[in-house]
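*Asks:* For reference, this is upload.cif, and it has mmCIF, C-alpha atoms; chains and numbers go by the auth columns.
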```cif
data_run
loop_
_atom_site.group_PDB
_atom_site.id
_atom_site.type_symbol
_atom_site.label_atom_id
_atom_site.label_comp_id
_atom_site.label_asym_id
_atom_site.label_seq_id
_atom_site.Cartn_x
_atom_site.Cartn_y
_atom_site.Cartn_z
_atom_site.B_iso_or_equiv
_atom_site.auth_seq_id
_atom_site.auth_asym_id
ATOM 1 C CA PRO A 1 116.983 45.504 -0.318 0.00 1 A
ATOM 2 C CA PRO A 2 118.462 46.524 3.035 0.00 2 A
ATOM 3 C CA GLN A 3 122.088 47.640 2.802 0.00 3 A
ATOM 4 C CA SER A 4 122.884 47.669 6.508 0.00 4 A
ATOM 5 C CA ASP A 5 122.069 45.661 9.604 0.00 5 A
ATOM 6 C CA LEU A 6 119.898 48.520 10.877 0.00 6 A
ATOM 7 C CA GLU A 7 117.875 48.669 7.662 0.00 7 A
ATOM 8 C CA GLY A 8 117.411 44.896 7.780 0.00 8 A
ATOM 9 C CA LEU A 9 116.315 45.096 11.406 0.00 9 A
ATOM 10 C CA LEU A 10 113.737 47.776 10.638 0.00 10 A
ATOM 11 C CA VAL A 11 112.266 45.819 7.725 0.00 11 A
ATOM 12 C CA THR A 12 112.138 42.657 9.838 0.00 12 A
ATOM 13 C CA LEU A 13 110.475 44.420 12.797 0.00 13 A
ATOM 14 C CA TYR A 14 107.849 46.151 10.714 0.00 14 A
ATOM 15 C CA GLU A 15 107.041 43.007 8.742 0.00 15 A
ATOM 16 C CA SER A 16 107.016 40.543 11.638 0.00 16 A
ATOM 17 C CA GLU A 17 105.412 42.705 14.305 0.00 17 A
ATOM 18 C CA LEU A 18 102.854 44.499 12.168 0.00 18 A
ATOM 19 C CA GLY A 19 102.076 41.790 9.652 0.00 19 A
ATOM 20 C CA TRP A 20 103.149 43.962 6.741 0.00 20 A
ATOM 21 C CA THR A 21 104.728 42.116 3.832 0.00 21 A
ATOM 22 C CA GLY A 22 107.104 43.332 1.181 0.00 22 A
ATOM 23 C CA VAL A 23 107.915 46.621 2.906 0.00 23 A
ATOM 24 C CA GLY A 24 110.765 48.347 1.113 0.00 24 A
ATOM 25 C CA LEU A 25 113.048 51.035 2.459 0.00 25 A
ATOM 26 C CA ASP A 26 111.562 53.648 0.132 0.00 26 A
ATOM 27 C CA ASP A 27 107.904 52.713 0.574 0.00 27 A
ATOM 28 C CA GLU A 28 105.796 55.434 2.144 0.00 28 A
ATOM 29 C CA LEU A 29 104.760 54.349 5.636 0.00 29 A
ATOM 30 C CA ALA A 30 101.749 56.649 6.062 0.00 30 A
ATOM 31 C CA PRO A 31 99.449 54.642 3.758 0.00 31 A
ATOM 32 C CA LEU A 32 100.303 51.481 5.714 0.00 32 A
ATOM 33 C CA GLY A 33 98.572 52.903 8.779 0.00 33 A
ATOM 34 C CA LEU A 34 101.087 52.816 11.637 0.00 34 A
ATOM 35 C CA ILE A 35 99.232 53.737 14.828 0.00 35 A
ATOM 36 C CA VAL A 36 100.583 54.763 18.222 0.00 36 A
ATOM 37 C CA ARG A 37 100.050 51.317 19.768 0.00 37 A
ATOM 38 C CA ASP A 38 102.099 49.725 16.969 0.00 38 A
ATOM 39 C CA ALA A 39 104.768 52.415 17.229 0.00 39 A
ATOM 40 C CA VAL A 40 105.160 51.760 20.973 0.00 40 A
ATOM 41 C CA ARG A 41 105.595 48.042 20.283 0.00 41 A
ATOM 42 C CA ILE A 42 108.219 48.783 17.601 0.00 42 A
ATOM 43 C CA GLN A 43 109.899 51.287 19.948 0.00 43 A
ATOM 44 C CA THR A 44 110.245 48.653 22.667 0.00 44 A
ATOM 45 C CA LEU A 45 111.705 46.047 20.316 0.00 45 A
ATOM 46 C CA LEU A 46 113.995 48.546 18.626 0.00 46 A
ATOM 47 C CA ARG A 47 115.282 49.798 21.988 0.00 47 A
ATOM 48 C CA ALA A 48 116.132 46.220 22.983 0.00 48 A
ATOM 49 C CA ALA A 49 117.834 45.529 19.644 0.00 49 A
ATOM 50 C CA ILE A 50 119.957 48.680 19.326 0.00 50 A
ATOM 51 C CA GLY A 51 120.414 49.540 22.989 0.00 51 A
ATOM 52 C CA ARG A 52 119.112 53.095 22.944 0.00 52 A
ATOM 53 C CA GLU A 53 115.882 55.002 23.071 0.00 53 A
ATOM 54 C CA VAL A 54 113.924 55.940 19.964 0.00 54 A
ATOM 55 C CA ALA A 55 111.087 58.453 20.173 0.00 55 A
ATOM 56 C CA VAL A 56 107.621 57.225 19.253 0.00 56 A
ATOM 57 C CA ALA A 57 107.167 60.561 17.483 0.00 57 A
ATOM 58 C CA ASP A 58 110.100 59.704 15.210 0.00 58 A
ATOM 59 C CA LEU A 59 108.597 56.334 14.344 0.00 59 A
ATOM 60 C CA LEU A 60 105.287 57.989 13.491 0.00 60 A
ATOM 61 C CA ALA A 61 106.892 60.858 11.559 0.00 61 A
ATOM 62 C CA ALA A 62 109.262 58.809 9.399 0.00 62 A
ATOM 63 C CA ALA A 63 108.198 58.915 5.769 0.00 63 A
ATOM 64 C CA SER A 64 109.883 55.573 5.041 0.00 64 A
ATOM 65 C CA LEU A 65 112.040 52.950 6.733 0.00 65 A
ATOM 66 C CA GLY A 66 114.998 54.325 4.797 0.00 66 A
ATOM 67 C CA ASP A 67 114.382 57.766 6.308 0.00 67 A
ATOM 68 C CA LEU A 68 114.065 56.229 9.769 0.00 68 A
ATOM 69 C CA ALA A 69 117.324 54.288 9.349 0.00 69 A
ATOM 70 C CA GLU A 70 119.110 57.448 8.189 0.00 70 A
ATOM 71 C CA MET A 71 117.771 59.417 11.153 0.00 71 A
ATOM 72 C CA LEU A 72 118.871 56.724 13.610 0.00 72 A
ATOM 73 C CA CYS A 73 122.350 56.550 12.046 0.00 73 A
ATOM 74 C CA THR A 74 122.717 60.330 12.124 0.00 74 A
ATOM 75 C CA ARG A 75 121.790 60.450 15.785 0.00 75 A
ATOM 76 C CA SER A 76 124.184 57.635 16.651 0.00 76 A
ATOM 77 C CA GLU A 77 127.020 59.621 15.055 0.00 77 A
ATOM 78 C CA GLY A 78 126.831 62.296 17.722 0.00 78 A
ATOM 79 C CA GLN A 79 123.791 64.473 17.239 0.00 79 A
ATOM 80 C CA ALA A 80 121.690 64.910 20.344 0.00 80 A
ATOM 81 C CA ASP A 81 118.605 62.756 20.550 0.00 81 A
ATOM 82 C CA ARG A 82 115.307 64.552 20.848 0.00 82 A
ATOM 83 C CA PRO A 83 113.311 64.028 24.038 0.00 83 A
ATOM 84 C CA THR A 84 111.578 60.697 24.087 0.00 84 A
ATOM 85 C CA THR A 85 108.283 59.528 25.448 0.00 85 A
ATOM 86 C CA SER A 86 107.862 55.904 26.317 0.00 86 A
ATOM 87 C CA PHE A 87 104.405 54.595 26.974 0.00 87 A
ATOM 88 C CA ALA A 88 105.694 51.049 27.291 0.00 88 A
ATOM 89 C CA ASP A 89 107.541 51.488 30.585 0.00 89 A
#
```
Can the structure in the file be given as structure tokens, please?
*Replies:*
Amino acid sequence: PPQSDLEGLLVTLYESELGWTGVGLDDELAPLGLIVRDAVRIQTLLRAAIGREVAVADLLAAASLGDLAEMLCTRSEGQADRPTTSFAD
């Protein structure tokens, strides 16, 4: 189960927006078939929820929601964000 607000947000977004059910933080995302269009939709919602940009490439590259949450937390603690591309703007 999610142990932080960010982890809970990610699970909720992926389940509600993509129709996935029972997604755990350690489940591999690749077999679930995230495509660029879905990643852009998640990017837009995530940006609105956390107030900062997230790269579509990061959403597509994350092995699991737990890995994505860890990456987002690490970046919010002072590491420079990688360049982002937003197709939704």
*Asks:* Tell me which protein, DNA and RNA residues are within 12 Å of range 42-48 of chain A, counting only C-alpha atoms, leaving out same-chain ones fewer than 4 positions away, and put them as an MDAnalysis selection string.
*Replies:* chainID A and resid 6:18 34:38 52:60 68:69 72 84:89
*Asks:* Save the residues we just selected, C-alpha atoms, as a short mmCIF file (atom, residue, chain, number, x, y, z; two decimals), in the coordinates of the input?
*Replies:*
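Done, and the output landed in again_26.cif:
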```cif
data_model
loop_
_atom_site.label_atom_id
_atom_site.label_comp_id
_atom_site.auth_asym_id
_atom_site.auth_seq_id
_atom_site.Cartn_x
_atom_site.Cartn_y
_atom_site.Cartn_z
CA LEU A 6 119.90 48.52 10.88
CA GLU A 7 117.88 48.67 7.66
CA GLY A 8 117.41 44.90 7.78
CA LEU A 9 116.32 45.10 11.41
CA LEU A 10 113.74 47.78 10.64
CA VAL A 11 112.27 45.82 7.72
CA THR A 12 112.14 42.66 9.84
CA LEU A 13 110.48 44.42 12.80
CA TYR A 14 107.85 46.15 10.71
CA GLU A 15 107.04 43.01 8.74
CA SER A 16 107.02 40.54 11.64
CA GLU A 17 105.41 42.70 14.30
CA LEU A 18 102.85 44.50 12.17
CA LEU A 34 101.09 52.82 11.64
CA ILE A 35 99.23 53.74 14.83
CA VAL A 36 100.58 54.76 18.22
CA ARG A 37 100.05 51.32 19.77
CA ASP A 38 102.10 49.72 16.97
CA ARG A 52 119.11 53.10 22.94
CA GLU A 53 115.88 55.00 23.07
CA VAL A 54 113.92 55.94 19.96
CA ALA A 55 111.09 58.45 20.17
CA VAL A 56 107.62 57.22 19.25
CA ALA A 57 107.17 60.56 17.48
CA ASP A 58 110.10 59.70 15.21
CA LEU A 59 108.60 56.33 14.34
CA LEU A 60 105.29 57.99 13.49
CA LEU A 68 114.06 56.23 9.77
CA ALA A 69 117.32 54.29 9.35
CA LEU A 72 118.87 56.72 13.61
CA THR A 84 111.58 60.70 24.09
CA THR A 85 108.28 59.53 25.45
CA SER A 86 107.86 55.90 26.32
CA PHE A 87 104.40 54.60 26.97
CA ALA A 88 105.69 51.05 27.29
CA ASP A 89 107.54 51.49 30.58
#
```
*Asks:* For each of A:Ala63, A:Cys73, A:Val40, A:Leu32, take the minimum atom-to-atom distance to Gly19 in chain A, counting all atoms listed in the file, then give the residue where this is smallest.
*Replies:*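 Closest to Gly19 in chain A of all the choices is A:Leu32.
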*Asks:* Can you measure CA of Val23 in chain A to CA of Asp67 in chain A for me? One decimal in Å is fine.
*Replies:* 13.3 Å
*Asks:* Taking the file as shown, what set of residues would the PyMOL selection byres ((chain A and resi 64) around 9) give back, as a PyMOL selection string?
*Replies:* chain A and resi 24-30+61-63+65-69
*Asks:* Find the distance between CA of Pro2 in chain A and CA of Thr21 in chain A and write it in Å to one decimal.
*Replies:* 14.4 Å
*Asks:* Enclose range 38-46 of chain A, meaning all of its atoms listed in the file, in a box aligned along x, y and z, pad it by 5 Å on each side, and list the centre and edge lengths in Å to one decimal, as lines of an AutoDock Vina configuration file.
*Replies:*
```
center_x = 108.0
center_y = 49.2
center_z = 19.8
size_x = 21.9
size_y = 16.4
size_z = 15.7
```
